Structures are given as structure tokens and as C-alpha cells.
file target.cif (mmCIF, C-alpha atoms and all ligand atoms)
data_coords
loop_
_atom_site.group_PDB
_atom_site.id
_atom_site.type_symbol
_atom_site.label_atom_id
_atom_site.label_comp_id
_atom_site.auth_asym_id
_atom_site.auth_seq_id
_atom_site.Cartn_x
_atom_site.Cartn_y
_atom_site.Cartn_z
ATOM 1 C CA MET A 252 0.000 0.000 0.000
ATOM 2 C CA SER A 253 1.274 3.468 -0.903
ATOM 3 C CA GLU A 254 2.721 5.554 1.902
ATOM 4 C CA ASN A 255 0.247 8.305 1.018
ATOM 5 C CA PHE A 256 -2.545 6.358 2.696
ATOM 6 C CA GLU A 257 -3.570 8.144 5.870
ATOM 7 C CA LYS A 258 -6.006 7.489 8.680
ATOM 8 C CA THR A 259 -8.082 10.342 10.030
ATOM 9 C CA LEU A 260 -10.548 10.821 12.869
ATOM 10 C CA VAL A 261 -14.105 12.076 12.429
ATOM 11 C CA LEU A 262 -16.564 12.675 15.266
ATOM 12 C CA ILE A 263 -20.263 13.133 14.571
ATOM 13 C CA LYS A 264 -21.218 15.784 17.123
ATOM 14 C CA PRO A 265 -24.312 15.941 19.377
ATOM 15 C CA ASP A 266 -26.198 18.392 17.130
ATOM 16 C CA ALA A 267 -26.042 15.856 14.295
ATOM 17 C CA ILE A 268 -27.095 13.030 16.614
ATOM 18 C CA GLN A 269 -30.113 15.091 17.748
ATOM 19 C CA ARG A 270 -30.970 16.029 14.174
ATOM 20 C CA SER A 271 -30.735 12.432 12.863
ATOM 21 C CA LEU A 272 -27.949 13.240 10.408
ATOM 22 C CA VAL A 273 -25.703 10.271 11.218
ATOM 23 C CA GLY A 274 -26.613 8.283 8.109
ATOM 24 C CA ASP A 275 -26.326 11.281 5.787
ATOM 25 C CA ILE A 276 -22.901 12.151 7.158
ATOM 26 C CA ILE A 277 -21.507 8.624 6.924
ATOM 27 C CA GLN A 278 -22.831 8.391 3.379
ATOM 28 C CA ARG A 279 -20.780 11.438 2.325
ATOM 29 C CA PHE A 280 -17.554 9.714 3.349
ATOM 30 C CA GLU A 281 -18.552 6.373 1.821
ATOM 31 C CA ARG A 282 -19.470 7.950 -1.501
ATOM 32 C CA LYS A 283 -16.166 9.814 -1.618
ATOM 33 C CA GLY A 284 -14.365 6.480 -1.662
ATOM 34 C CA LEU A 285 -12.915 6.566 1.828
ATOM 35 C CA LYS A 286 -12.522 3.281 3.693
ATOM 36 C CA LEU A 287 -14.131 2.844 7.114
ATOM 37 C CA LEU A 288 -11.648 1.296 9.545
ATOM 38 C CA GLY A 289 -13.402 1.985 12.845
ATOM 39 C CA LEU A 290 -16.824 3.100 14.085
ATOM 40 C CA LYS A 291 -18.344 3.413 17.533
ATOM 41 C CA MET A 292 -20.647 5.464 19.714
ATOM 42 C CA MET A 293 -19.144 6.921 22.882
ATOM 43 C CA SER A 294 -19.706 9.510 25.579
ATOM 44 C CA LEU A 295 -16.958 12.093 26.006
ATOM 45 C CA ASP A 296 -15.935 13.304 29.463
ATOM 46 C CA GLU A 297 -14.321 16.574 30.519
ATOM 47 C CA ALA A 298 -10.830 15.024 30.577
ATOM 48 C CA VAL A 299 -10.872 13.805 26.978
ATOM 49 C CA LEU A 300 -12.433 17.078 25.820
ATOM 50 C CA ARG A 301 -9.721 19.130 27.532
ATOM 51 C CA GLU A 302 -7.152 16.989 25.723
ATOM 52 C CA HIS A 303 -8.936 16.964 22.370
ATOM 53 C CA TYR A 304 -9.632 20.707 22.445
ATOM 54 C CA ALA A 305 -6.379 21.666 24.243
ATOM 55 C CA HIS A 306 -5.924 24.567 21.794
ATOM 56 C CA LEU A 307 -9.261 26.003 22.981
ATOM 57 C CA VAL A 308 -9.354 25.402 26.760
ATOM 58 C CA ASP A 309 -8.539 29.041 27.519
ATOM 59 C CA LYS A 310 -11.217 30.430 25.199
ATOM 60 C CA PRO A 311 -14.360 31.913 26.736
ATOM 61 C CA PHE A 312 -16.518 29.500 24.752
ATOM 62 C CA PHE A 313 -14.746 26.349 25.996
ATOM 63 C CA ALA A 314 -17.213 25.635 28.833
ATOM 64 C CA GLY A 315 -20.123 25.864 26.407
ATOM 65 C CA LEU A 316 -18.306 23.722 23.868
ATOM 66 C CA ALA A 317 -17.590 21.037 26.483
ATOM 67 C CA LYS A 318 -21.222 21.089 27.673
ATOM 68 C CA PHE A 319 -22.383 20.694 24.056
ATOM 69 C CA MET A 320 -19.963 17.845 23.343
ATOM 70 C CA LYS A 321 -21.160 16.004 26.481
ATOM 71 C CA SER A 322 -24.861 16.534 25.780
ATOM 72 C CA THR A 323 -25.259 13.252 23.874
ATOM 73 C CA PRO A 324 -22.878 10.460 22.863
ATOM 74 C CA VAL A 325 -20.887 11.093 19.687
ATOM 75 C CA VAL A 326 -20.126 8.723 16.814
ATOM 76 C CA ALA A 327 -16.380 8.267 16.379
ATOM 77 C CA MET A 328 -15.061 7.050 13.048
ATOM 78 C CA CYS A 329 -11.675 6.317 11.548
ATOM 79 C CA TRP A 330 -11.521 6.747 7.777
ATOM 80 C CA GLU A 331 -8.620 5.872 5.492
ATOM 81 C CA GLY A 332 -7.530 6.965 2.044
ATOM 82 C CA VAL A 333 -4.777 8.619 0.018
ATOM 83 C CA GLU A 334 -4.163 11.992 1.689
ATOM 84 C CA ALA A 335 -7.343 11.343 3.644
ATOM 85 C CA VAL A 336 -6.721 14.021 6.290
ATOM 86 C CA ALA A 337 -6.922 16.878 3.786
ATOM 87 C CA ALA A 338 -9.670 15.183 1.763
ATOM 88 C CA VAL A 339 -11.880 14.836 4.832
ATOM 89 C CA ARG A 340 -11.277 18.455 5.918
ATOM 90 C CA LEU A 341 -12.340 19.513 2.422
ATOM 91 C CA ILE A 342 -15.570 17.524 2.664
ATOM 92 C CA ALA A 343 -16.159 18.864 6.201
ATOM 93 C CA GLY A 344 -16.025 22.546 5.241
ATOM 94 C CA ILE A 345 -14.843 25.452 7.383
ATOM 95 C CA THR A 346 -15.576 25.813 11.111
ATOM 96 C CA LYS A 347 -18.171 28.582 10.749
ATOM 97 C CA ALA A 348 -20.793 26.423 9.110
ATOM 98 C CA ARG A 349 -23.004 29.196 7.788
ATOM 99 C CA GLU A 350 -20.084 30.369 5.642
ATOM 100 C CA ALA A 351 -18.965 26.873 4.621
ATOM 101 C CA ASP A 352 -19.144 26.030 0.926
ATOM 102 C CA ALA A 353 -22.335 24.413 -0.302
ATOM 103 C CA GLY A 354 -21.594 20.774 -0.988
ATOM 104 C CA THR A 355 -19.535 20.381 2.184
ATOM 105 C CA ILE A 356 -21.041 18.645 5.218
ATOM 106 C CA ARG A 357 -21.018 21.794 7.338
ATOM 107 C CA GLY A 358 -22.129 23.905 4.367
ATOM 108 C CA ASP A 359 -25.087 21.653 3.700
ATOM 109 C CA PHE A 360 -26.159 20.696 7.225
ATOM 110 C CA ALA A 361 -25.318 23.467 9.689
ATOM 111 C CA MET A 362 -25.481 27.192 10.499
ATOM 112 C CA SER A 363 -23.410 27.495 13.683
ATOM 113 C CA VAL A 364 -19.733 28.037 14.512
ATOM 114 C CA SER A 365 -20.140 25.666 17.490
ATOM 115 C CA CYS A 366 -22.831 23.196 16.435
ATOM 116 C CA ASN A 367 -21.147 22.308 13.164
ATOM 117 C CA VAL A 368 -22.066 18.596 12.995
ATOM 118 C CA ILE A 369 -18.615 17.005 12.767
ATOM 119 C CA HIS A 370 -15.041 17.119 13.962
ATOM 120 C CA ALA A 371 -12.284 16.189 11.495
ATOM 121 C CA SER A 372 -8.551 15.974 12.226
ATOM 122 C CA ASP A 373 -6.716 18.997 10.816
ATOM 123 C CA THR A 374 -3.178 17.661 10.175
ATOM 124 C CA THR A 375 -1.584 14.245 9.648
ATOM 125 C CA GLU A 376 0.243 14.615 12.985
ATOM 126 C CA ASN A 377 -2.984 15.368 14.850
ATOM 127 C CA ALA A 378 -4.841 12.633 12.965
ATOM 128 C CA GLU A 379 -2.419 10.010 14.285
ATOM 129 C CA ILE A 380 -2.814 11.303 17.832
ATOM 130 C CA GLU A 381 -6.603 11.622 17.572
ATOM 131 C CA VAL A 382 -7.195 8.145 16.117
ATOM 132 C CA LYS A 383 -5.253 6.743 19.080
ATOM 133 C CA ARG A 384 -7.151 9.007 21.493
ATOM 134 C CA PHE A 385 -10.530 7.607 20.473
ATOM 135 C CA PHE A 386 -9.746 4.041 19.333
ATOM 136 C CA ASN A 387 -7.861 1.122 20.821
ATOM 137 C CA SER A 388 -5.685 -0.666 18.267
ATOM 138 C CA ASP A 389 -8.058 -3.682 18.206
ATOM 139 C CA GLU A 390 -10.934 -1.378 17.208
ATOM 140 C CA ILE A 391 -9.200 -0.368 13.952
ATOM 141 C CA TYR A 392 -9.901 -3.020 11.329
ATOM 142 C CA ASP A 393 -7.580 -4.114 8.544
ATOM 143 C CA TYR A 394 -9.303 -5.592 5.493
ATOM 144 C CA ASP A 395 -9.093 -5.469 1.714
ATOM 145 C CA LYS A 396 -11.520 -3.062 0.132
ATOM 146 C CA THR A 397 -12.019 -4.404 -3.380
ATOM 147 C CA GLU A 398 -13.568 -1.103 -4.417
ATOM 148 C CA TYR A 399 -10.078 0.448 -4.165
ATOM 149 C CA LEU A 400 -9.361 -1.089 -7.602
ATOM 150 C CA HIS A 401 -11.847 1.429 -9.005
ATOM 151 C CA ILE A 402 -11.234 4.347 -6.656
ATOM 152 C CA TYR A 403 -7.486 4.727 -7.267
ATOM 153 C CA ALA A 404 -5.233 4.236 -10.295
ATOM 154 C CA ASP A 405 -2.570 1.501 -10.056
ATOM 155 C CA ASP A 406 0.195 3.972 -9.205
ATOM 156 C CA GLU A 407 -1.818 5.571 -6.418
ATOM 157 C CA ARG A 408 -2.573 2.408 -4.458
HETATM 158 N N1 LIG B 501 -15.797 26.364 18.341
HETATM 159 C C1 LIG B 501 -16.729 27.187 18.962
HETATM 160 N N2 LIG B 501 -16.585 28.543 18.841
HETATM 161 C C2 LIG B 501 -15.562 29.109 18.147
HETATM 162 C C3 LIG B 501 -14.622 28.273 17.529
HETATM 163 C C4 LIG B 501 -14.765 26.900 17.638
HETATM 164 O O1 LIG B 501 -17.664 26.697 19.595
HETATM 165 O O2 LIG B 501 -15.488 30.351 18.066
HETATM 166 C C5 LIG B 501 -15.955 24.902 18.448
HETATM 167 C C6 LIG B 501 -16.543 24.299 17.169
HETATM 168 O O3 LIG B 501 -17.406 23.224 17.524
HETATM 169 C C7 LIG B 501 -15.305 23.825 16.459
HETATM 170 C C8 LIG B 501 -14.466 23.334 17.635
HETATM 171 O O4 LIG B 501 -14.698 24.295 18.644
HETATM 172 O O5 LIG B 501 -15.604 22.824 15.514
HETATM 173 C C9 LIG B 501 -12.977 23.202 17.355
HETATM 174 O O6 LIG B 501 -12.492 24.418 16.875
HETATM 175 P P1 LIG B 501 -11.405 24.465 15.722
HETATM 176 O O7 LIG B 501 -10.931 25.875 15.608
HETATM 177 O O8 LIG B 501 -10.388 23.395 15.947
HETATM 178 O O9 LIG B 501 -12.293 24.165 14.417
HETATM 179 P P2 LIG B 501 -12.467 22.841 13.525
HETATM 180 O O10 LIG B 501 -11.112 22.180 13.429
HETATM 181 O O11 LIG B 501 -13.497 21.966 14.208
HETATM 182 O O12 LIG B 501 -12.958 23.356 12.208
HETATM 183 MG MG MG B 502 -9.761 21.710 14.885
#
call {"tool": "encode", "arguments": {"input": "target.cif", "output": "C-alpha cells", "more": "lines below"}}
Ligand code: UDP
Ligand code: MG
result
Amino acid sequence: MSENFEKTLVLIKPDAIQRSLVGDIIQRFERKGLKLLGLKMMSLDEAVLREHYAHLVDKPFFAGLAKFMKSTPVVAMCWEGVEAVAAVRLIAGITKAREADAGTIRGDFAMSVSCNVIHASDTTENAEIEVKRFFNSDEIYDYDKTEYLHIYADDER
């Protein structure tokens, strides 16, 4: 397998759980040609949120963000593909959902800068850390996806 294959973490946030968007969101990633390596529902506690949003703990909105992220379980997913981290961020759209491009998940499904339906890892370094933060190694599945023959050219696989 080419070294350009990356794993990335996506969380489906509580607003999307409440609004029954889980299926629609997963479908976006499946249709893109990404490979699902891990999927589970989980409740996030303050400790994991302080770690996951370490760059935001000092912001005035952090308490509200943590309360929101704890308000329902989230769906955690690990997706894989060539340069998947950037590809998933592109599909996600920018943080402020009401300004996100139409066609992106945030652009199509959300209006808020906080309740923006998904989290997606922002760099390959963070993706590695975040996949490990939310998944044990035995929860990440290795299997052949025959569809890859049609999703990538020979020299990309
Ligand atoms: N967030 C917020 N208010 C802000 C900025 C961010 O509530 O002014 C929340 C929002 O849910 C966002 C998350 O904090 O998705 C993480 O922020 P980041 O800047 O890392 O954006 P992302 O990587 O999610 O686009
Ligand atoms: Mg971020």
C-alpha cells in the first residue's frame, strides 16, 4: 500500500445526533471512496475534551463547547484513504458552518460556529494522535476493500 494512505478521525457531534444526520454524514464519506476502519458510539468526558480541544481550553466558549460535546454520545469514526486528512477536511467545510461552501457537510447541514455537525482531524500529525485518542488498536480493522481497484489508479494504491 502506498505511503500516502492516511487514517483520520471524524466525530459526529451531538447536534447531528439530535438532528438524525448520522446516516447522511456517513454516506458522504462512503461515496467519496474513503474506507471505514473503525466506528463506535461513545460519551466524552471533561478530561478527553480538555485533551482533544487543548488549543481552545482558555477560550471563553470552551465551557459551552464542552457542555455541548457532552450533551449526547458522539459517533467516532476512523476513515482511510490517500491523503485522507486533507480530503476529509475539504468535505467537512470550514468551522463557521453558515459560511462553509455548499456541498460540504457543514455547508449543507449546519449554520453554527459551534454546532457544526462534525469534527475532522486537521493535520496528519494530529490525525495520528486523535485516532489513538478515540480508538484502541483492536478497534481499527484491517481488510481489503475491493472497491479500491476502481477508486485509485494503479500507481496511487
Ligand atoms: N468552536 C466554537 N466557537 C468558536 C470556535 C470553535 O464553539 O469560536 C468549536 C466548534 O465546535 C469547532 C471546535 O470548537 O468545531 C474546534 O475548533 P477548531 O478551531 O479546531 O475548528 P475545527 O477544526 O473543528 O474546524
Ligand atoms: Mg480543529
call {"tool": "axis_aligned_box", "arguments": {"input": "target.cif", "around": "ligand LIG 501 (chain B)", "padding_each_side": "5 Å", "output": "JSON"}}
result
{"center_x": -14.0, "center_y": 26.2, "center_z": 15.9, "size_x": 17.3, "size_y": 18.4, "size_z": 17.4}
call {"tool": "closest_residue", "arguments": {"input": "target.cif", "among": "A:Met293, A:Ala378, A:Ala351, A:Ala317", "to": "ligand MG 502 (chain B)", "atoms": "all atoms listed in the file"}}
result
A:Ala378
call {"tool": "closest_atom_pairs", "arguments": {"input": "target.cif", "of": "chain A", "to": "ligand LIG 501 (chain B)", "cutoff": "9 Å", "atoms": "all atoms listed in the file", "output": "tab-separated table"}}
result
residue	atom	partner	partner_atom	distance
A:Lys264	CA	B:LIG501	O3	8.4
A:His303	CA	B:LIG501	C9	9.0
A:Tyr304	CA	B:LIG501	C9	6.6
A:His306	CA	B:LIG501	O8	7.4
A:Leu307	CA	B:LIG501	O6	7.1
A:Lys310	CA	B:LIG501	O2	8.3
A:Pro311	CA	B:LIG501	N2	8.9
A:Phe312	CA	B:LIG501	O1	6.0
A:Phe313	CA	B:LIG501	O1	7.0
A:Gly315	CA	B:LIG501	O1	7.3
A:Leu316	CA	B:LIG501	O1	5.2
A:Ala317	CA	B:LIG501	O1	8.9
A:Phe319	CA	B:LIG501	O3	8.6
A:Met320	CA	B:LIG501	O3	8.3
A:Arg340	CA	B:LIG501	O12	8.1
A:Ala343	CA	B:LIG501	O12	8.2
A:Gly344	CA	B:LIG501	O12	7.7
A:Ile345	CA	B:LIG501	O12	5.6
A:Thr346	CA	B:LIG501	O12	3.8
A:Lys347	CA	B:LIG501	O12	7.5
A:Ala348	CA	B:LIG501	O12	9.0
A:Ser363	CA	B:LIG501	O1	8.3
A:Val364	CA	B:LIG501	N2	5.4
A:Ser365	CA	B:LIG501	O1	3.4
A:Cys366	CA	B:LIG501	O3	5.5
A:Asn367	CA	B:LIG501	O3	5.8
A:Val368	CA	B:LIG501	O3	8.0
A:Ile369	CA	B:LIG501	O5	7.1
A:His370	CA	B:LIG501	O11	5.1
A:Ala371	CA	B:LIG501	O10	6.4
A:Ser372	CA	B:LIG501	O10	6.8
A:Asp373	CA	B:LIG501	O10	6.0
call {"tool": "closest_residue", "arguments": {"input": "target.cif", "among": "A:Leu287, A:Glu398, A:Val261, A:Asp359", "to": "ligand MG 502 (chain B)", "atoms": "only C-alpha atoms and all ligand atoms"}}
result
A:Val261
call {"tool": "resolve_selection", "arguments": {"input": "target.cif", "expression": "the PyMOL selection byres (((chain A and resi 279-283) around 9) and not hetatm)", "output": "PyMOL selection string"}}
result
chain A and resi 274-278+284-287+330+339+342+356+402
call {"tool": "residues_around", "arguments": {"input": "target.cif", "residues": "A:Asp406", "least_positions_apart": "6", "cutoff": "12 Å", "atoms": "all atoms listed in the file", "output": "count of residues only"}}
result
7
call {"tool": "closest_residue", "arguments": {"input": "target.cif", "among": "A:Ala338, A:Leu288, A:Ile380, A:Val326", "to": "A:Asp266", "atoms": "all atoms listed in the file"}}
result
A:Val326
call {"tool": "atom_distance", "arguments": {"input": "target.cif", "atom1": "atom CA of A:Val325", "atom2": "atom CA of A:Leu262"}}
result
6.4 Å
call {"tool": "atom_distance", "arguments": {"input": "target.cif", "atom1": "atom CA of A:Glu334", "atom2": "atom CA of A:Phe256"}}
result
5.9 Å
call {"tool": "atom_distance", "arguments": {"input": "target.cif", "atom1": "atom CA of A:Val299", "atom2": "atom CA of A:Gly332"}}
result
26.1 Å
call {"tool": "closest_residue", "arguments": {"input": "target.cif", "among": "A:Ala361, A:Arg408, A:Pro324, A:Ala305", "to": "ligand MG 502 (chain B)", "atoms": "all atoms listed in the file"}}
result
A:Ala305
call {"tool": "closest_residue", "arguments": {"input": "target.cif", "among": "A:Gln269, A:Ser294, A:Thr374, A:Thr259", "to": "ligand MG 502 (chain B)", "atoms": "all atoms listed in the file"}}
result
A:Thr374
call {"tool": "closest_residue", "arguments": {"input": "target.cif", "among": "A:Thr323, A:Asn387, A:Ser271, A:Asn377", "to": "ligand MG 502 (chain B)", "atoms": "only C-alpha atoms and all ligand atoms"}}
result
A:Asn377
call {"tool": "residues_around", "arguments": {"input": "target.cif", "residues": "A:Glu390", "least_positions_apart": "5", "cutoff": "10 Å", "atoms": "all atoms listed in the file", "output": "PyMOL selection string"}}
result
chain A and resi 288-291+329+385
